[in-house]
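Have a look at the structure below before the remarks.
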Amino acid sequence: MNQTKPGVAPDKYTFLIVDDPPAFLELARSVLEAYSGFQVVGEATSCKEALMLIPHLRPRVVISDIMMPEEDGLELTRRIKSRFPEVVVILASTQYDAIVETLAANAGALALVPKSRFNVRVIRRLLNT
């Protein structure tokens, strides 16, 4: 469980990143923090951990891998939107097709982003910043 800076500027988008391998956590953090309007407030390596962190870290956005070991990102999205409807969820995946994109939208995700195309321009466009 990785919690970071509690003080957040009110004009920043705050993010919780959820993925089981550390490589994407590190990549996503570096991509997001390259933009001054974004701040990563925490990381989780499981859906259960993410759901425990959200009430404490209060991220505006959760970026989660769609494929997680115990519970997938689709179920995490449904649970986040049920308990924290104000939180925006963006799913990321190495597997991207129209069926998975539809499943992500039906679960309540703002978007499904291929991990190979994960960059600050894509996230800014999705969030209209």
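Chain labels run A, B, ... following the order of the structure tokens; each chain numbers its residues from 1, and ligands are numbered from 1 in the order shown.
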> Can you tell me, as a VMD selection string, what residues are no more than 8 Å from Glu71 in chain A when counting only C-alpha atoms, ignoring any on the same chain fewer than 3 positions away?
Replying inline: chain A and resid 46 to 47 67 to 68 75 to 76
>> Can you pull out the residues contacting Lys12 in chain A? Cut-off 12 Å, using only C-alpha atoms, and skip same-chain residues under 6 positions away; I want them as a list in words.
In response: Leu32, Glu33, Tyr35, Ser36, Gly37, Phe38, Gln39, Val40, Val41, Pro59, Arg60, Val61, Arg124, Leu127 and Thr129 of chain A
Within 12 Å of Asp20 in chain A using only C-alpha atoms, minus same-chain residues under 6 positions, as a PDB file with N, CA, C and O atoms, in the first residue's frame:
ATOM      1  N   MET A   1       0.850  -1.162   0.000  1.00  0.00           N
ATOM      2  CA  MET A   1       0.000   0.000   0.000  1.00  0.00           C
ATOM      3  C   MET A   1       0.899   1.229   0.000  1.00  0.00           C
ATOM      4  O   MET A   1       1.742   1.393   0.852  1.00  0.00           O
ATOM      5  N   GLU A  26       4.660   2.344 -12.125  1.00  0.00           N
ATOM      6  CA  GLU A  26       5.744   3.321 -12.290  1.00  0.00           C
ATOM      7  C   GLU A  26       5.559   4.150 -13.549  1.00  0.00           C
ATOM      8  O   GLU A  26       5.731   5.373 -13.528  1.00  0.00           O
ATOM      9  N   GLU A  43      -1.152   4.375  -4.886  1.00  0.00           N
ATOM     10  CA  GLU A  43      -1.087   3.212  -5.759  1.00  0.00           C
ATOM     11  C   GLU A  43      -1.628   2.016  -4.992  1.00  0.00           C
ATOM     12  O   GLU A  43      -1.461   1.936  -3.779  1.00  0.00           O
ATOM     13  N   ALA A  44      -2.249   1.111  -5.733  1.00  0.00           N
ATOM     14  CA  ALA A  44      -2.757  -0.129  -5.134  1.00  0.00           C
ATOM     15  C   ALA A  44      -2.414  -1.268  -6.074  1.00  0.00           C
ATOM     16  O   ALA A  44      -2.364  -1.091  -7.292  1.00  0.00           O
ATOM     17  N   THR A  45      -2.182  -2.440  -5.493  1.00  0.00           N
ATOM     18  CA  THR A  45      -1.846  -3.607  -6.304  1.00  0.00           C
ATOM     19  C   THR A  45      -2.977  -4.629  -6.365  1.00  0.00           C
ATOM     20  O   THR A  45      -2.796  -5.704  -6.903  1.00  0.00           O
ATOM     21  N   SER A  46      -4.136  -4.262  -5.810  1.00  0.00           N
ATOM     22  CA  SER A  46      -5.302  -5.144  -5.878  1.00  0.00           C
ATOM     23  C   SER A  46      -6.568  -4.297  -5.807  1.00  0.00           C
ATOM     24  O   SER A  46      -6.545  -3.148  -5.343  1.00  0.00           O
ATOM     25  N   CYS A  47      -7.664  -4.877  -6.234  1.00  0.00           N
ATOM     26  CA  CYS A  47      -8.952  -4.190  -6.158  1.00  0.00           C
ATOM     27  C   CYS A  47      -9.347  -3.937  -4.707  1.00  0.00           C
ATOM     28  O   CYS A  47      -9.846  -2.859  -4.368  1.00  0.00           O
ATOM     29  N   LYS A  48      -9.127  -4.922  -3.865  1.00  0.00           N
ATOM     30  CA  LYS A  48      -9.452  -4.792  -2.446  1.00  0.00           C
ATOM     31  C   LYS A  48      -8.700  -3.618  -1.826  1.00  0.00           C
ATOM     32  O   LYS A  48      -9.276  -2.809  -1.094  1.00  0.00           O
ATOM     33  N   GLU A  49      -7.420  -3.525  -2.122  1.00  0.00           N
ATOM     34  CA  GLU A  49      -6.611  -2.421  -1.598  1.00  0.00           C
ATOM     35  C   GLU A  49      -7.113  -1.080  -2.126  1.00  0.00           C
ATOM     36  O   GLU A  49      -7.208  -0.100  -1.382  1.00  0.00           O
ATOM     37  N   ALA A  50      -7.459  -1.024  -3.410  1.00  0.00           N
ATOM     38  CA  ALA A  50      -7.975   0.216  -3.997  1.00  0.00           C
ATOM     39  C   ALA A  50      -9.236   0.682  -3.275  1.00  0.00           C
ATOM     40  O   ALA A  50      -9.367   1.865  -2.942  1.00  0.00           O
ATOM     41  N   SER A  64      -7.139   1.958 -13.583  1.00  0.00           N
ATOM     42  CA  SER A  64      -6.957   0.565 -13.193  1.00  0.00           C
ATOM     43  C   SER A  64      -6.735  -0.329 -14.400  1.00  0.00           C
ATOM     44  O   SER A  64      -7.353  -0.145 -15.451  1.00  0.00           O
ATOM     45  N   ASP A  65      -5.882  -1.312 -14.196  1.00  0.00           N
ATOM     46  CA  ASP A  65      -5.737  -2.377 -15.178  1.00  0.00           C
ATOM     47  C   ASP A  65      -7.047  -3.139 -15.220  1.00  0.00           C
ATOM     48  O   ASP A  65      -7.719  -3.289 -14.198  1.00  0.00           O
ATOM     49  N   ILE A  66      -7.400  -3.629 -16.378  1.00  0.00           N
ATOM     50  CA  ILE A  66      -8.640  -4.395 -16.496  1.00  0.00           C
ATOM     51  C   ILE A  66      -8.459  -5.834 -16.025  1.00  0.00           C
ATOM     52  O   ILE A  66      -9.398  -6.466 -15.568  1.00  0.00           O
ATOM     53  N   MET A  67      -7.236  -6.355 -16.113  1.00  0.00           N
ATOM     54  CA  MET A  67      -6.954  -7.737 -15.720  1.00  0.00           C
ATOM     55  C   MET A  67      -6.203  -7.751 -14.390  1.00  0.00           C
ATOM     56  O   MET A  67      -5.037  -7.404 -14.333  1.00  0.00           O
ATOM     57  N   MET A  68      -6.923  -8.125 -13.340  1.00  0.00           N
ATOM     58  CA  MET A  68      -6.324  -8.209 -12.015  1.00  0.00           C
ATOM     59  C   MET A  68      -6.499  -9.634 -11.510  1.00  0.00           C
ATOM     60  O   MET A  68      -7.443 -10.324 -11.904  1.00  0.00           O
ATOM     61  N   PRO A  69      -5.612 -10.109 -10.607  1.00  0.00           N
ATOM     62  CA  PRO A  69      -5.657 -11.510 -10.192  1.00  0.00           C
ATOM     63  C   PRO A  69      -6.931 -11.960  -9.474  1.00  0.00           C
ATOM     64  O   PRO A  69      -7.518 -12.958  -9.835  1.00  0.00           O
ATOM     65  N   GLU A  70      -7.386 -11.237  -8.476  1.00  0.00           N
ATOM     66  CA  GLU A  70      -8.516 -11.705  -7.674  1.00  0.00           C
ATOM     67  C   GLU A  70      -9.851 -11.178  -8.181  1.00  0.00           C
ATOM     68  O   GLU A  70     -10.859 -11.861  -8.111  1.00  0.00           O
ATOM     69  N   GLU A  71      -9.863  -9.960  -8.645  1.00  0.00           N
ATOM     70  CA  GLU A  71     -11.085  -9.306  -9.094  1.00  0.00           C
ATOM     71  C   GLU A  71     -10.672  -8.418 -10.267  1.00  0.00           C
ATOM     72  O   GLU A  71      -9.703  -7.686 -10.166  1.00  0.00           O
ATOM     73  N   ASP A  72     -11.414  -8.477 -11.363  1.00  0.00           N
ATOM     74  CA  ASP A  72     -10.967  -7.705 -12.526  1.00  0.00           C
ATOM     75  C   ASP A  72     -11.364  -6.237 -12.422  1.00  0.00           C
ATOM     76  O   ASP A  72     -12.139  -5.827 -11.560  1.00  0.00           O
ATOM     77  N   GLY A  73     -10.798  -5.443 -13.316  1.00  0.00           N
ATOM     78  CA  GLY A  73     -11.051  -4.007 -13.326  1.00  0.00           C
ATOM     79  C   GLY A  73     -12.495  -3.644 -13.613  1.00  0.00           C
ATOM     80  O   GLY A  73     -12.966  -2.582 -13.203  1.00  0.00           O
TER      81      GLY A  73
END
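Between Arg79 in chain A and the candidates A:Asp11, A:Asn128, A:Ile54, A:Phe118, the tightest atom-to-atom separation, counting only C-alpha atoms, involves A:Ile54.
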> Of the residues A:Lys81, A:Glu86, A:Val113, A:Val31, which is the one nearest to Val100 in chain A, using only C-alpha atoms?
Replying inline: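 Of A:Lys81, A:Glu86, A:Val113, A:Val31, the one nearest Val100 in chain A, counting only C-alpha atoms, is A:Val113.
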>> Can you pull out every residue from chain A that DSSP, working from the backbone, puts in alpha helix (DSSP H), and format the result as a VMD selection string?
In response: chain A and resid 22 to 33 47 to 57 73 to 83 98 to 107 120 to 127
>> Just want the 12 Å neighbourhood of Ala105 in chain A, counted on only C-alpha atoms, with same-chain residues fewer than 6 positions away dropped. Output as a list in words.
In response: Gly73, Leu74, Glu75, Thr77, Arg78, Lys81, Val88, Val89, Ile90, Leu91, Ala98, Ile99, Ala111, Leu112 and Val113 of chain A
Write a file of the just-selected residues containing N, CA, C and O atoms, as a CSV table (one decimal), in the first residue's frame.
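Wrote it out as out.csv, contents follow:
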chain,number,residue,atom,x,y,z
A,73,GLY,N,-10.8,-5.4,-13.3
A,73,GLY,CA,-11.1,-4.0,-13.3
A,73,GLY,C,-12.5,-3.6,-13.6
A,73,GLY,O,-13.0,-2.6,-13.2
A,74,LEU,N,-13.2,-4.5,-14.3
A,74,LEU,CA,-14.6,-4.3,-14.6
A,74,LEU,C,-15.4,-4.3,-13.3
A,74,LEU,O,-16.3,-3.4,-13.0
A,75,GLU,N,-15.2,-5.3,-12.5
A,75,GLU,CA,-15.9,-5.4,-11.2
A,75,GLU,C,-15.4,-4.3,-10.3
A,75,GLU,O,-16.3,-3.7,-9.6
A,77,THR,N,-14.6,-1.3,-11.2
A,77,THR,CA,-15.3,-0.2,-11.7
A,77,THR,C,-16.7,-0.1,-11.2
A,77,THR,O,-17.2,0.9,-10.7
A,78,ARG,N,-17.4,-1.2,-11.3
A,78,ARG,CA,-18.8,-1.3,-10.8
A,78,ARG,C,-18.9,-1.0,-9.3
A,78,ARG,O,-19.8,-0.2,-8.9
A,81,LYS,N,-18.1,2.8,-8.8
A,81,LYS,CA,-19.2,3.7,-9.2
A,81,LYS,C,-20.4,3.5,-8.2
A,81,LYS,O,-21.2,4.5,-8.0
A,88,VAL,N,-14.1,9.2,-11.1
A,88,VAL,CA,-14.0,8.9,-12.6
A,88,VAL,C,-13.1,7.6,-12.6
A,88,VAL,O,-12.0,7.6,-12.0
A,89,VAL,N,-13.5,6.6,-13.4
A,89,VAL,CA,-12.6,5.4,-13.6
A,89,VAL,C,-12.2,5.3,-15.1
A,89,VAL,O,-13.0,5.4,-16.0
A,90,ILE,N,-10.9,5.2,-15.3
A,90,ILE,CA,-10.3,4.9,-16.6
A,90,ILE,C,-9.7,3.6,-16.5
A,90,ILE,O,-8.8,3.4,-15.6
A,91,LEU,N,-10.0,2.7,-17.4
A,91,LEU,CA,-9.4,1.3,-17.4
A,91,LEU,C,-8.3,1.3,-18.5
A,91,LEU,O,-8.4,2.0,-19.5
A,98,ALA,N,-13.4,-3.9,-29.4
A,98,ALA,CA,-14.7,-3.2,-29.2
A,98,ALA,C,-15.6,-3.9,-28.1
A,98,ALA,O,-16.3,-3.2,-27.4
A,99,ILE,N,-15.4,-5.2,-28.0
A,99,ILE,CA,-16.2,-5.9,-26.9
A,99,ILE,C,-15.8,-5.5,-25.5
A,99,ILE,O,-16.6,-5.2,-24.7
A,111,ALA,N,-13.5,5.4,-20.0
A,111,ALA,CA,-12.8,5.0,-21.2
A,111,ALA,C,-12.0,3.7,-20.9
A,111,ALA,O,-11.7,3.5,-19.7
A,112,LEU,N,-11.7,3.0,-21.9
A,112,LEU,CA,-10.7,2.0,-21.9
A,112,LEU,C,-9.5,2.4,-22.8
A,112,LEU,O,-9.7,2.8,-24.0
A,113,VAL,N,-8.3,2.5,-22.2
A,113,VAL,CA,-7.1,3.0,-22.9
A,113,VAL,C,-6.2,1.9,-23.1
A,113,VAL,O,-5.8,1.2,-22.1
>> For a quick check of understanding, using only C-alpha atoms, which of A:Ser116, A:Gly108, A:Ile123, A:Ile80 has the smallest distance to Thr94 in chain A?
In response: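 Under the stated criterion, the closest residue is A:Ser116.
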> Which polymer residues have any atom within 12 Å of an atom of Asp97 in chain A, counting only C-alpha atoms, with same-chain residues fewer than 5 positions away left out, as a PyMOL selection string?
Replying inline: chain A and resi 92+102-104+112-114
> Which value, in Å to one decimal, gives the distance between CA of Tyr13 in chain A and CA of Val87 in chain A?
Replying inline: 10.8 Å
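If you measure from each of A:Val122, A:Ala34, A:Ala28, A:Val18 to Leu51 in chain A using only C-alpha atoms, the closest one turns out to be A:Val18.
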